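Engineer: Quick one, run-v4.txt (compact mmCIF, C-alpha atoms):
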# COMPACT_ATOMS: atom_id res chain seq x y z
CA MET A 3 93.30 100.77 55.12
CA ARG A 4 95.30 100.60 58.31
CA ALA A 5 95.53 104.40 58.38
CA GLY A 6 91.76 104.54 58.02
CA ILE A 7 91.31 102.27 61.03
CA ALA A 8 93.83 104.28 63.02
CA LEU A 9 92.04 107.50 62.07
CA ALA A 10 88.69 106.01 63.06
CA GLY A 11 90.31 105.06 66.37
CA LEU A 12 91.51 108.58 66.93
CA LEU A 13 88.11 110.01 66.11
CA LEU A 14 86.50 107.52 68.46
CA GLY A 15 88.90 108.49 71.23
CA GLY A 16 88.42 112.14 70.48
CA CYS A 17 84.68 112.61 70.24
CA ALA A 18 82.93 109.67 71.87
CA THR A 19 83.35 110.17 75.58
CA SER A 20 84.03 106.96 77.47
CA SER A 21 83.07 107.46 81.05
CA LEU A 22 83.45 106.01 84.51
CA VAL A 23 80.79 106.07 87.22
CA LEU A 24 82.34 105.37 90.63
CA LEU A 25 80.12 104.10 93.42
CA PRO A 26 80.51 102.90 97.00
CA ASP A 27 80.46 99.11 97.36
CA ASP A 28 77.55 97.24 98.93
CA GLU A 29 79.02 97.64 102.44
CA GLY A 30 79.28 101.41 101.92
CA HIS A 31 83.08 101.48 101.55
CA GLN A 32 84.42 103.80 98.88
CA GLY A 33 87.24 102.43 96.74
CA SER A 34 89.04 104.26 93.96
CA VAL A 35 90.07 103.77 90.36
CA ALA A 36 93.51 104.85 89.13
CA VAL A 37 93.95 106.18 85.61
CA LEU A 38 97.18 104.36 84.73
CA GLU A 39 97.41 105.31 81.06
CA VAL A 40 95.69 107.71 78.67
CA LYS A 41 96.24 107.08 74.96
CA GLY A 42 99.29 105.01 75.81
CA GLN A 43 100.86 107.66 78.05
CA PRO A 44 101.29 106.87 81.76
CA THR A 45 99.43 109.09 84.22
CA ASP A 46 99.11 109.12 87.99
CA ALA A 47 95.55 110.37 88.31
CA VAL A 48 93.24 108.67 90.80
CA ILE A 49 89.47 108.95 90.80
CA ALA A 50 88.32 108.59 94.39
CA ASP A 51 85.02 110.50 94.71
CA GLY A 52 82.09 108.19 95.25
CA ASN A 53 78.85 108.76 93.33
CA SER A 54 80.70 110.61 90.61
CA ARG A 55 80.96 110.52 86.83
CA THR A 56 84.25 111.09 85.00
CA ALA A 57 84.88 111.49 81.28
CA LEU A 58 87.85 109.30 80.33
CA GLY A 59 90.55 110.20 77.84
CA ASN A 60 91.99 113.23 79.61
CA LYS A 61 95.30 113.07 81.52
CA SER A 62 93.83 115.03 84.42
CA PRO A 63 90.26 113.74 84.70
CA THR A 64 87.64 115.62 86.69
CA ALA A 65 85.10 113.63 88.66
CA LYS A 66 81.71 115.32 88.72
CA PRO A 67 79.16 114.47 91.41
CA LEU A 68 76.14 112.55 90.12
CA GLY A 69 74.05 115.11 92.02
CA ASN A 70 70.27 115.20 91.94
CA LYS A 71 70.04 113.59 88.52
CA GLY A 72 71.69 110.48 89.92
CA LEU A 73 72.30 107.52 87.65
CA LYS A 74 71.05 107.35 84.09
CA GLU A 75 68.29 104.83 83.54
CA GLN A 76 70.55 102.37 81.69
CA GLU A 77 73.18 102.65 84.46
CA ALA A 78 70.61 101.82 87.14
CA ALA A 79 69.43 98.87 85.02
CA LEU A 80 73.01 97.63 84.76
CA LEU A 81 73.45 97.66 88.54
CA THR A 82 70.15 95.85 89.01
CA GLY A 83 71.49 93.16 86.70
CA LEU A 84 74.56 92.40 88.84
CA PRO A 85 74.58 88.88 90.30
CA PRO A 86 74.06 88.56 94.06
CA PRO A 87 77.29 88.61 96.11
CA ALA A 88 78.97 85.31 96.93
CA ARG A 89 77.78 83.84 100.22
CA SER A 90 79.80 81.73 102.61
CA PHE A 91 78.61 78.99 105.01
CA THR A 92 80.62 77.20 107.70
CA LEU A 93 79.86 73.68 108.90
CA TYR A 94 81.53 72.19 111.98
CA PHE A 95 82.56 68.59 112.67
CA GLU A 96 83.04 66.25 115.62
CA LEU A 97 86.64 65.48 116.63
CA GLY A 98 88.50 63.33 114.09
CA THR A 99 85.37 62.49 112.09
CA VAL A 100 83.32 63.47 109.05
CA THR A 101 80.24 63.77 111.31
CA LEU A 102 78.63 67.18 111.44
CA THR A 103 77.85 68.75 114.81
CA PRO A 104 74.10 68.87 115.54
CA GLN A 105 73.97 72.67 115.08
CA SER A 106 75.62 72.41 111.68
CA THR A 107 73.05 69.99 110.30
CA THR A 108 70.55 72.88 110.36
CA VAL A 109 73.00 75.01 108.32
CA LEU A 110 72.77 72.40 105.56
CA ASN A 111 69.16 73.40 104.88
CA ALA A 112 70.12 77.06 104.54
CA LEU A 113 72.97 76.06 102.23
CA ARG A 114 70.68 73.98 100.03
CA ALA A 115 68.15 76.83 99.81
CA GLU A 116 70.88 79.31 98.88
CA ILE A 117 72.15 77.16 96.00
CA ALA A 118 68.63 76.35 94.80
CA GLY A 119 67.75 80.05 94.75
CA ARG A 120 70.60 81.02 92.42
CA SER A 121 70.81 81.08 88.66
CA GLY A 122 73.93 79.35 87.28
CA PRO A 123 75.38 78.60 90.74
CA GLU A 124 78.95 77.53 91.48
CA VAL A 125 79.85 75.92 94.81
CA GLU A 126 83.35 75.73 96.28
CA VAL A 127 83.76 73.39 99.26
CA ILE A 128 86.90 73.77 101.39
CA GLY A 129 87.67 71.29 104.18
CA HIS A 130 89.78 72.05 107.27
CA THR A 131 90.88 70.28 110.45
CA ASP A 132 92.25 71.21 113.85
CA THR A 133 95.83 70.27 114.76
CA VAL A 134 95.01 66.94 116.46
CA GLY A 135 96.86 64.18 114.57
CA SER A 136 99.54 64.33 111.90
CA ALA A 137 99.54 66.94 109.14
CA ASP A 138 99.30 64.19 106.50
CA ASP A 139 96.30 62.55 108.16
CA ASN A 140 94.66 65.94 108.43
CA ASP A 141 95.09 66.58 104.71
CA ILE A 142 93.10 63.40 104.10
CA LEU A 143 90.52 64.16 106.81
CA SER A 144 89.93 67.70 105.51
CA MET A 145 89.36 66.34 101.99
CA ARG A 146 86.96 63.70 103.33
CA ARG A 147 85.02 66.39 105.20
CA ALA A 148 84.74 68.45 102.03
CA GLU A 149 83.64 65.38 100.04
CA GLU A 150 81.08 64.51 102.72
CA VAL A 151 79.43 67.89 102.19
CA LEU A 152 79.76 67.68 98.42
CA ASN A 153 78.22 64.20 98.39
CA TRP A 154 75.34 65.37 100.55
CA LEU A 155 74.69 68.25 98.13
CA ALA A 156 74.81 65.81 95.22
CA SER A 157 72.29 63.60 97.07
CA GLN A 158 70.01 66.65 97.22
CA GLY A 159 70.01 66.82 93.45
CA PHE A 160 72.74 69.36 92.71
CA ASP A 161 74.88 68.49 89.71
CA ARG A 162 78.49 67.66 90.52
CA SER A 163 79.64 69.86 87.65
CA ILE A 164 78.68 72.96 89.66
CA MET A 165 80.73 71.87 92.69
CA SER A 166 84.38 71.45 93.61
CA ALA A 167 86.01 70.23 96.80
CA VAL A 168 89.48 70.78 98.25
CA GLY A 169 91.11 69.90 101.57
CA ARG A 170 93.49 72.32 103.24
CA GLY A 171 94.35 70.14 106.24
CA GLU A 172 95.52 72.14 109.24
CA ARG A 173 97.12 74.92 107.16
CA GLU A 174 94.39 77.52 107.61
CA LEU A 175 93.37 77.51 111.23
CA LYS A 176 90.45 79.76 112.12
CA GLU A 177 91.70 79.78 115.70
CA PRO A 178 95.52 79.75 115.84
CA SER A 179 96.74 76.95 118.09
CA VAL A 180 99.67 74.77 119.12
CA ASP A 181 99.99 71.29 117.62
CA ASN A 182 97.62 68.56 118.84
CA PHE A 183 95.07 71.07 120.09
CA ASP A 184 91.41 70.01 120.13
CA SER A 185 89.59 72.96 118.52
CA PRO A 186 85.91 72.70 117.49
CA ILE A 187 86.23 76.03 115.61
CA ASN A 188 89.01 74.71 113.39
CA ARG A 189 87.20 71.47 112.47
CA ARG A 190 85.16 72.95 109.67
CA VAL A 191 84.13 73.03 106.06
CA GLU A 192 83.65 76.37 104.37
CA VAL A 193 81.22 76.46 101.47
CA ILE A 194 81.25 79.44 99.12
CA VAL A 195 78.17 79.80 96.94
CA ARG A 196 78.51 82.04 93.90
CA MET B 17 86.35 52.26 100.17
CA LEU B 18 83.27 53.68 98.53
CA ARG B 19 84.29 57.16 99.58
CA SER B 20 87.80 56.90 98.20
CA SER B 21 86.52 55.66 94.84
CA ILE B 22 84.18 58.66 94.71
CA GLY B 23 87.15 60.87 95.48
CA ILE B 24 89.19 59.37 92.66
CA GLY B 25 86.19 59.73 90.34
CA LEU B 26 86.01 63.42 91.17
CA ILE B 27 89.68 63.95 90.48
CA ALA B 28 89.29 62.17 87.14
CA ILE B 29 86.37 64.43 86.21
CA MET B 30 88.34 67.52 87.17
CA ALA B 31 91.26 66.39 85.04
CA ALA B 32 89.08 65.51 82.05
CA THR B 33 87.23 68.83 81.82
CA PRO B 34 89.52 71.84 82.15
CA ALA B 35 87.88 72.70 85.48
CA MET B 36 91.07 74.35 86.69
CA ALA B 37 90.73 76.89 83.91
CA GLU B 38 87.21 77.93 84.82
CA ILE B 39 87.32 81.64 85.62
CA ALA B 40 83.65 82.57 85.88
CA ARG B 41 80.09 81.44 85.24
CA ILE B 42 77.24 83.10 83.44
CA LYS B 43 74.44 83.80 85.93
CA GLN B 44 71.76 85.42 83.80
CA SER B 45 71.34 86.54 80.22
CA SER B 46 68.62 87.96 78.03
CA GLY B 47 68.24 88.96 74.40
CA ALA B 48 71.20 88.52 72.07
CA ALA B 49 74.03 87.49 74.41
CA SER B 50 76.93 85.24 73.51
CA VAL B 51 80.44 84.28 74.46
CA GLN B 52 83.03 84.28 71.72
CA ARG B 53 85.82 81.76 72.28
CA GLY B 54 88.23 81.78 69.37
CA ALA B 55 86.13 80.79 66.35
CA GLN B 56 83.34 79.43 68.59
CA GLN B 57 80.23 81.40 69.43
CA LEU B 58 78.53 80.07 72.57
CA LYS B 59 75.10 81.05 73.84
CA ALA B 60 75.49 82.85 77.17
CA SER B 61 73.22 80.49 79.10
CA PRO B 62 73.18 80.46 82.93
CA GLY B 63 75.87 78.09 84.20
CA LEU B 64 78.15 78.43 81.17
CA GLN B 65 81.76 78.29 82.36
CA LEU B 66 84.06 80.99 81.05
CA LEU B 67 87.75 80.74 80.21
CA ALA B 68 90.41 83.43 80.09
CA GLY B 69 90.37 85.11 76.68
CA ASP B 70 86.58 84.84 76.26
CA LYS B 71 84.76 87.79 74.74
CA LEU B 72 81.31 88.75 76.00
CA VAL B 73 79.12 90.07 73.20
CA THR B 74 75.61 91.50 73.44
CA GLY B 75 73.26 92.89 70.81
CA LYS B 76 70.88 95.81 71.02
CA ASP B 77 68.53 93.98 73.37
CA GLY B 78 71.18 91.81 75.05
CA ARG B 79 72.39 91.60 78.65
CA MET B 80 74.36 89.16 80.74
CA SER B 81 75.72 88.84 84.22
CA LEU B 82 78.52 86.68 85.62
CA THR B 83 80.49 85.93 88.77
CA PHE B 84 84.21 85.12 88.74
CA VAL B 85 85.92 82.57 90.99
CA ASP B 86 87.50 85.45 92.96
CA ASN B 87 83.96 86.79 93.66
CA THR B 88 84.21 89.65 91.14
CA ARG B 89 80.80 90.34 89.60
CA PHE B 90 80.03 91.73 86.14
CA ALA B 91 76.88 92.99 84.47
CA VAL B 92 77.22 93.59 80.74
CA GLY B 93 74.76 96.01 79.13
CA PRO B 94 73.29 96.07 75.61
CA ASN B 95 75.38 96.51 72.47
CA SER B 96 78.63 95.60 74.22
CA GLN B 97 81.93 93.88 73.51
CA VAL B 98 83.92 93.02 76.61
CA SER B 99 86.96 90.72 76.64
CA VAL B 100 88.52 89.08 79.66
CA SER B 101 92.02 89.20 78.20
CA ASP B 102 93.81 87.93 81.28
CA PHE B 103 92.58 86.16 84.40
CA GLN B 104 94.82 84.31 86.80
CA TYR B 105 93.78 83.44 90.32
CA ASP B 106 95.42 81.36 93.00
CA ARG B 107 92.49 80.17 95.13
CA THR B 108 94.76 79.22 98.04
CA ARG B 109 96.69 82.46 98.21
CA GLN B 110 93.74 84.53 96.94
CA THR B 111 95.99 86.57 94.67
CA GLY B 112 96.08 87.01 90.93
CA SER B 113 95.79 89.31 87.95
CA PHE B 114 92.79 90.32 85.93
CA VAL B 115 92.58 92.44 82.75
CA THR B 116 89.27 93.26 81.11
CA GLN B 117 88.92 95.16 77.88
CA VAL B 118 85.75 97.14 77.19
CA ASP B 119 85.74 97.79 73.44
CA ARG B 120 82.17 98.96 73.29
CA GLY B 121 79.05 99.27 75.43
CA SER B 122 78.71 99.22 79.19
CA LEU B 123 80.04 97.13 82.06
CA ALA B 124 79.19 97.28 85.77
CA VAL B 125 81.80 95.75 88.08
CA VAL B 126 81.95 94.86 91.75
CA SER B 127 85.55 93.93 92.31
CA GLY B 128 86.60 90.80 94.22
CA LYS B 129 89.69 89.22 95.71
CA VAL B 130 92.10 89.82 92.83
CA ALA B 131 91.61 93.60 93.15
CA LYS B 132 92.26 93.32 96.91
CA SER B 133 95.35 91.14 96.52
CA ASN B 134 97.75 93.70 95.06
CA ARG B 135 97.61 97.29 93.92
CA ASP B 136 96.27 97.45 90.36
CA ALA B 137 96.18 93.63 90.05
CA MET B 138 92.82 94.26 88.38
CA LYS B 139 92.84 96.48 85.31
CA VAL B 140 90.18 97.64 82.90
CA ARG B 141 91.09 98.87 79.45
CA THR B 142 88.92 101.13 77.31
CA PRO B 143 89.90 102.26 73.79
CA ASN B 144 91.75 105.26 75.21
CA THR B 145 92.40 104.54 78.90
CA LEU B 146 93.88 101.92 81.21
CA LEU B 147 92.29 101.87 84.66
CA GLY B 148 93.61 100.28 87.86
CA VAL B 149 90.83 99.04 90.13
CA ARG B 150 91.33 99.62 93.82
CA GLY B 151 88.47 97.72 95.38
CA THR B 152 85.11 99.15 94.47
CA LYS B 153 81.93 99.20 92.41
CA PHE B 154 81.86 101.11 89.14
CA ILE B 155 80.43 101.38 85.65
CA VAL B 156 82.48 101.85 82.50
CA GLU B 157 80.71 103.11 79.39
CA VAL B 158 82.24 103.15 75.92
CA PRO B 159 79.88 104.63 73.31
CA ASP B 160 80.03 103.53 69.67
Using the file provided, produce a representation of the structure as structure tokens.
Structural biologist:
Amino acid sequence: MRAGIALAGLLLGGCATSSLVLLPDDEGHQGSVAVLEVKGQPTDAVIADGNSRTALGNKSPTAKPLGNKGLKEQEAALLTGLPPPARSFTLYFELGTVTLTPQSTTVLNALRAEIAGRSGPEVEVIGHTDTVGSADDNDILSMRRAEEVLNWLASQGFDRSIMSAVGRGERELKEPSVDNFDSPINRRVEVIVR
Amino acid sequence: MLRSSIGIGLIAIMAATPAMAEIARIKQSSGAASVQRGAQQLKASPGLQLLAGDKLVTGKDGRMSLTFVDNTRFAVGPNSQVSVSDFQYDRTRQTGSFVTQVDRGSLAVVSGKVAKSNRDAMKVRTPNTLLGVRGTKFIVEVPD
């Protein structure tokens, strides 16, 4: 029985050709895919040609250009089905408070529209401060800023189960600064919508 | 006072549901599309939270798409079996490890922060090959 399964596995590996289609990312950058192992044996092949198709299972794979034929219909359909990329929003706060700057209140509307427009959304809210005040106080303030945004989103009808909030205090400054430096750029909440 | 009680409430909710273990969410699905979690078979409805070890299963007319917490995006084609065998991600450090196994069917991937964090931190296994993902968009197809 086990031999039969193993044989079936061998046949599968031998005749059915698994394949890789490598494409540039949405920003046009071309990454690569390394072939680390073939049938349990380590290899050092790297597939780096964009818009190529490679049959897998061979220790020295050859990437063939997609050429005029381009993608197969089912491949194109698969790409169309990818979720939209994550989108990030930044909201800024008045010194030492959980009060949004006037400009940032308009960002809230864009944020709400982005979440509402997504299927199965997930929202990560990350609060930050500048270096004014103690590090401990800023941990609390950054969390309160994040909660302020999360609570506003909840008030707009978004379920809390799709959202999470964390505070990072003054650990991740957008604009590097000395201690006790008043920085409007660092007083922020980042919201990632997936 | 009100705010701090809300904060504590949130923490309690996060502790009660294994929110820390959430690795991805289903965004869309159509046709026969389910998530196999141990002996459980869950309908792949939009918003369903995935855990490491989950297996994505589609039938002849099935499709699903999902986004991971490191921003990696998947689209699973018809007649597929795809397992997320390992997913670990440190949101603060933005590093982790990610192993996906494509037993059958087709999978489109746009890699995210795990793939960027370390060389070959993201791997994809097919029945005969182990791939190391170095930041890109690709499709893996494994015929029956």
Engineer: Residues near Arg190 (chain A), anyone? I mean within 8 Å using all atoms listed in the file, not counting same-chain ones fewer than 5 positions away, as JSON, numbers by chain.
Structural biologist: {"A": [92, 93, 94, 95, 129, 130, 131, 147]}
Engineer: Taking all atoms listed in the file into account, report as a PyMOL selection string which residues of chain B lie within 6 Å of chain A.
Structural biologist: chain B and resi 43+62-63+81+91+144-158
Engineer: Could you list, as a list in words, every residue within 8 Å of region 101-109 of chain B, counting only C-alpha atoms and ignoring same-chain residues fewer than 5 positions away?
Structural biologist: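 Counting only C-alpha atoms, the residues come to Ile39, Ala68, Gly69, Asp70, Val85, Asp86, Phe114, Val115, Thr116, Gln117 and Val130 of chain B.
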Engineer: In Å to one decimal, how far is CA of Arg120 (chain B) from CA of Val98 (chain B)?
Structural biologist: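 Calculated distance between CA of Val98 (chain B) and CA of Arg120 (chain B) is 7.0 Å.
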Engineer: Please compute the CA of Val126 (chain B)-CA of Ser96 (chain B) distance, one decimal, in Å.
Structural biologist: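 Taking CA of Val126 (chain B) and CA of Ser96 (chain B), their separation equals 17.9 Å.
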Engineer: Report, in Å with one decimal, the straight-line distance from CA of Ala112 (chain A) to CA of Gln158 (chain A).
Structural biologist: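 CA of Gln158 (chain A) lies 12.7 Å from CA of Ala112 (chain A).
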Engineer: Pick out the closest residue to Asn87 (chain B) from this set: B:Arg41, B:Lys71, B:Lys129, B:Lys139. Count only C-alpha atoms.
Structural biologist: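 Smallest separation from Asn87 (chain B) among the options: B:Lys129.
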Engineer: Working from the structure I just supplied, which lacks atoms in region 17-39 of chain A, can you model N, CA and C atoms there and output them as an mmCIF file, in the frame of the given file?
Structural biologist:
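Heads up, here's the output in result.cif:
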data_model
loop_
_atom_site.group_PDB
_atom_site.id
_atom_site.type_symbol
_atom_site.label_atom_id
_atom_site.label_comp_id
_atom_site.auth_asym_id
_atom_site.auth_seq_id
_atom_site.Cartn_x
_atom_site.Cartn_y
_atom_site.Cartn_z
ATOM 1 N N CYS A 17 86.025 112.031 70.083
ATOM 2 C CA CYS A 17 84.680 112.610 70.240
ATOM 3 C C CYS A 17 83.776 111.791 71.147
ATOM 4 N N ALA A 18 83.787 110.478 70.993
ATOM 5 C CA ALA A 18 82.930 109.670 71.870
ATOM 6 C C ALA A 18 83.539 109.677 73.256
ATOM 7 N N THR A 19 82.778 110.052 74.243
ATOM 8 C CA THR A 19 83.350 110.170 75.580
ATOM 9 C C THR A 19 83.075 108.921 76.401
ATOM 10 N N SER A 20 84.111 108.083 76.520
ATOM 11 C CA SER A 20 84.030 106.960 77.470
ATOM 12 C C SER A 20 83.915 107.576 78.855
ATOM 13 N N SER A 21 83.219 106.886 79.721
ATOM 14 C CA SER A 21 83.070 107.460 81.050
ATOM 15 C C SER A 21 83.120 106.396 82.137
ATOM 16 N N LEU A 22 83.401 106.870 83.333
ATOM 17 C CA LEU A 22 83.450 106.010 84.510
ATOM 18 C C LEU A 22 82.496 106.565 85.557
ATOM 19 N N VAL A 23 81.628 105.704 86.072
ATOM 20 C CA VAL A 23 80.790 106.070 87.220
ATOM 21 C C VAL A 23 81.324 105.291 88.416
ATOM 22 N N LEU A 24 81.754 106.019 89.449
ATOM 23 C CA LEU A 24 82.340 105.370 90.630
ATOM 24 C C LEU A 24 81.327 105.386 91.771
ATOM 25 N N LEU A 25 81.144 104.238 92.385
ATOM 26 C CA LEU A 25 80.120 104.100 93.420
ATOM 27 C C LEU A 25 80.703 103.437 94.667
ATOM 28 N N PRO A 26 80.076 103.664 95.830
ATOM 29 C CA PRO A 26 80.510 102.900 97.000
ATOM 30 C C PRO A 26 80.115 101.442 96.845
ATOM 31 N N ASP A 27 80.842 100.527 97.468
ATOM 32 C CA ASP A 27 80.460 99.110 97.360
ATOM 33 C C ASP A 27 79.248 98.828 98.243
ATOM 34 N N ASP A 28 78.790 97.567 98.243
ATOM 35 C CA ASP A 28 77.550 97.240 98.930
ATOM 36 C C ASP A 28 77.635 97.448 100.448
ATOM 37 N N GLU A 29 78.854 97.424 100.994
ATOM 38 C CA GLU A 29 79.020 97.640 102.440
ATOM 39 C C GLU A 29 79.210 99.125 102.752
ATOM 40 N N GLY A 30 79.155 99.966 101.711
ATOM 41 C CA GLY A 30 79.280 101.410 101.920
ATOM 42 C C GLY A 30 80.714 101.922 101.871
ATOM 43 N N HIS A 31 81.691 101.018 101.670
ATOM 44 C CA HIS A 31 83.080 101.480 101.550
ATOM 45 C C HIS A 31 83.300 102.117 100.176
ATOM 46 N N GLN A 32 84.123 103.157 100.142
ATOM 47 C CA GLN A 32 84.420 103.800 98.880
ATOM 48 C C GLN A 32 85.827 103.433 98.416
ATOM 49 N N GLY A 33 85.939 102.725 97.330
ATOM 50 C CA GLY A 33 87.240 102.430 96.740
ATOM 51 C C GLY A 33 87.584 103.502 95.720
ATOM 52 N N SER A 34 88.650 103.290 94.980
ATOM 53 C CA SER A 34 89.040 104.260 93.960
ATOM 54 C C SER A 34 89.477 103.531 92.699
ATOM 55 N N VAL A 35 89.601 104.307 91.633
ATOM 56 C CA VAL A 35 90.070 103.770 90.360
ATOM 57 C C VAL A 35 91.208 104.669 89.874
ATOM 58 N N ALA A 36 92.360 104.077 89.619
ATOM 59 C CA ALA A 36 93.510 104.850 89.130
ATOM 60 C C ALA A 36 93.459 104.910 87.608
ATOM 61 N N VAL A 37 93.807 106.062 87.061
ATOM 62 C CA VAL A 37 93.950 106.180 85.610
ATOM 63 C C VAL A 37 95.431 105.954 85.315
ATOM 64 N N LEU A 38 95.773 104.729 84.881
ATOM 65 C CA LEU A 38 97.180 104.360 84.730
ATOM 66 C C LEU A 38 97.777 104.864 83.429
ATOM 67 N N GLU A 39 96.922 104.868 82.383
ATOM 68 C CA GLU A 39 97.410 105.310 81.060
ATOM 69 C C GLU A 39 96.285 106.017 80.328
#
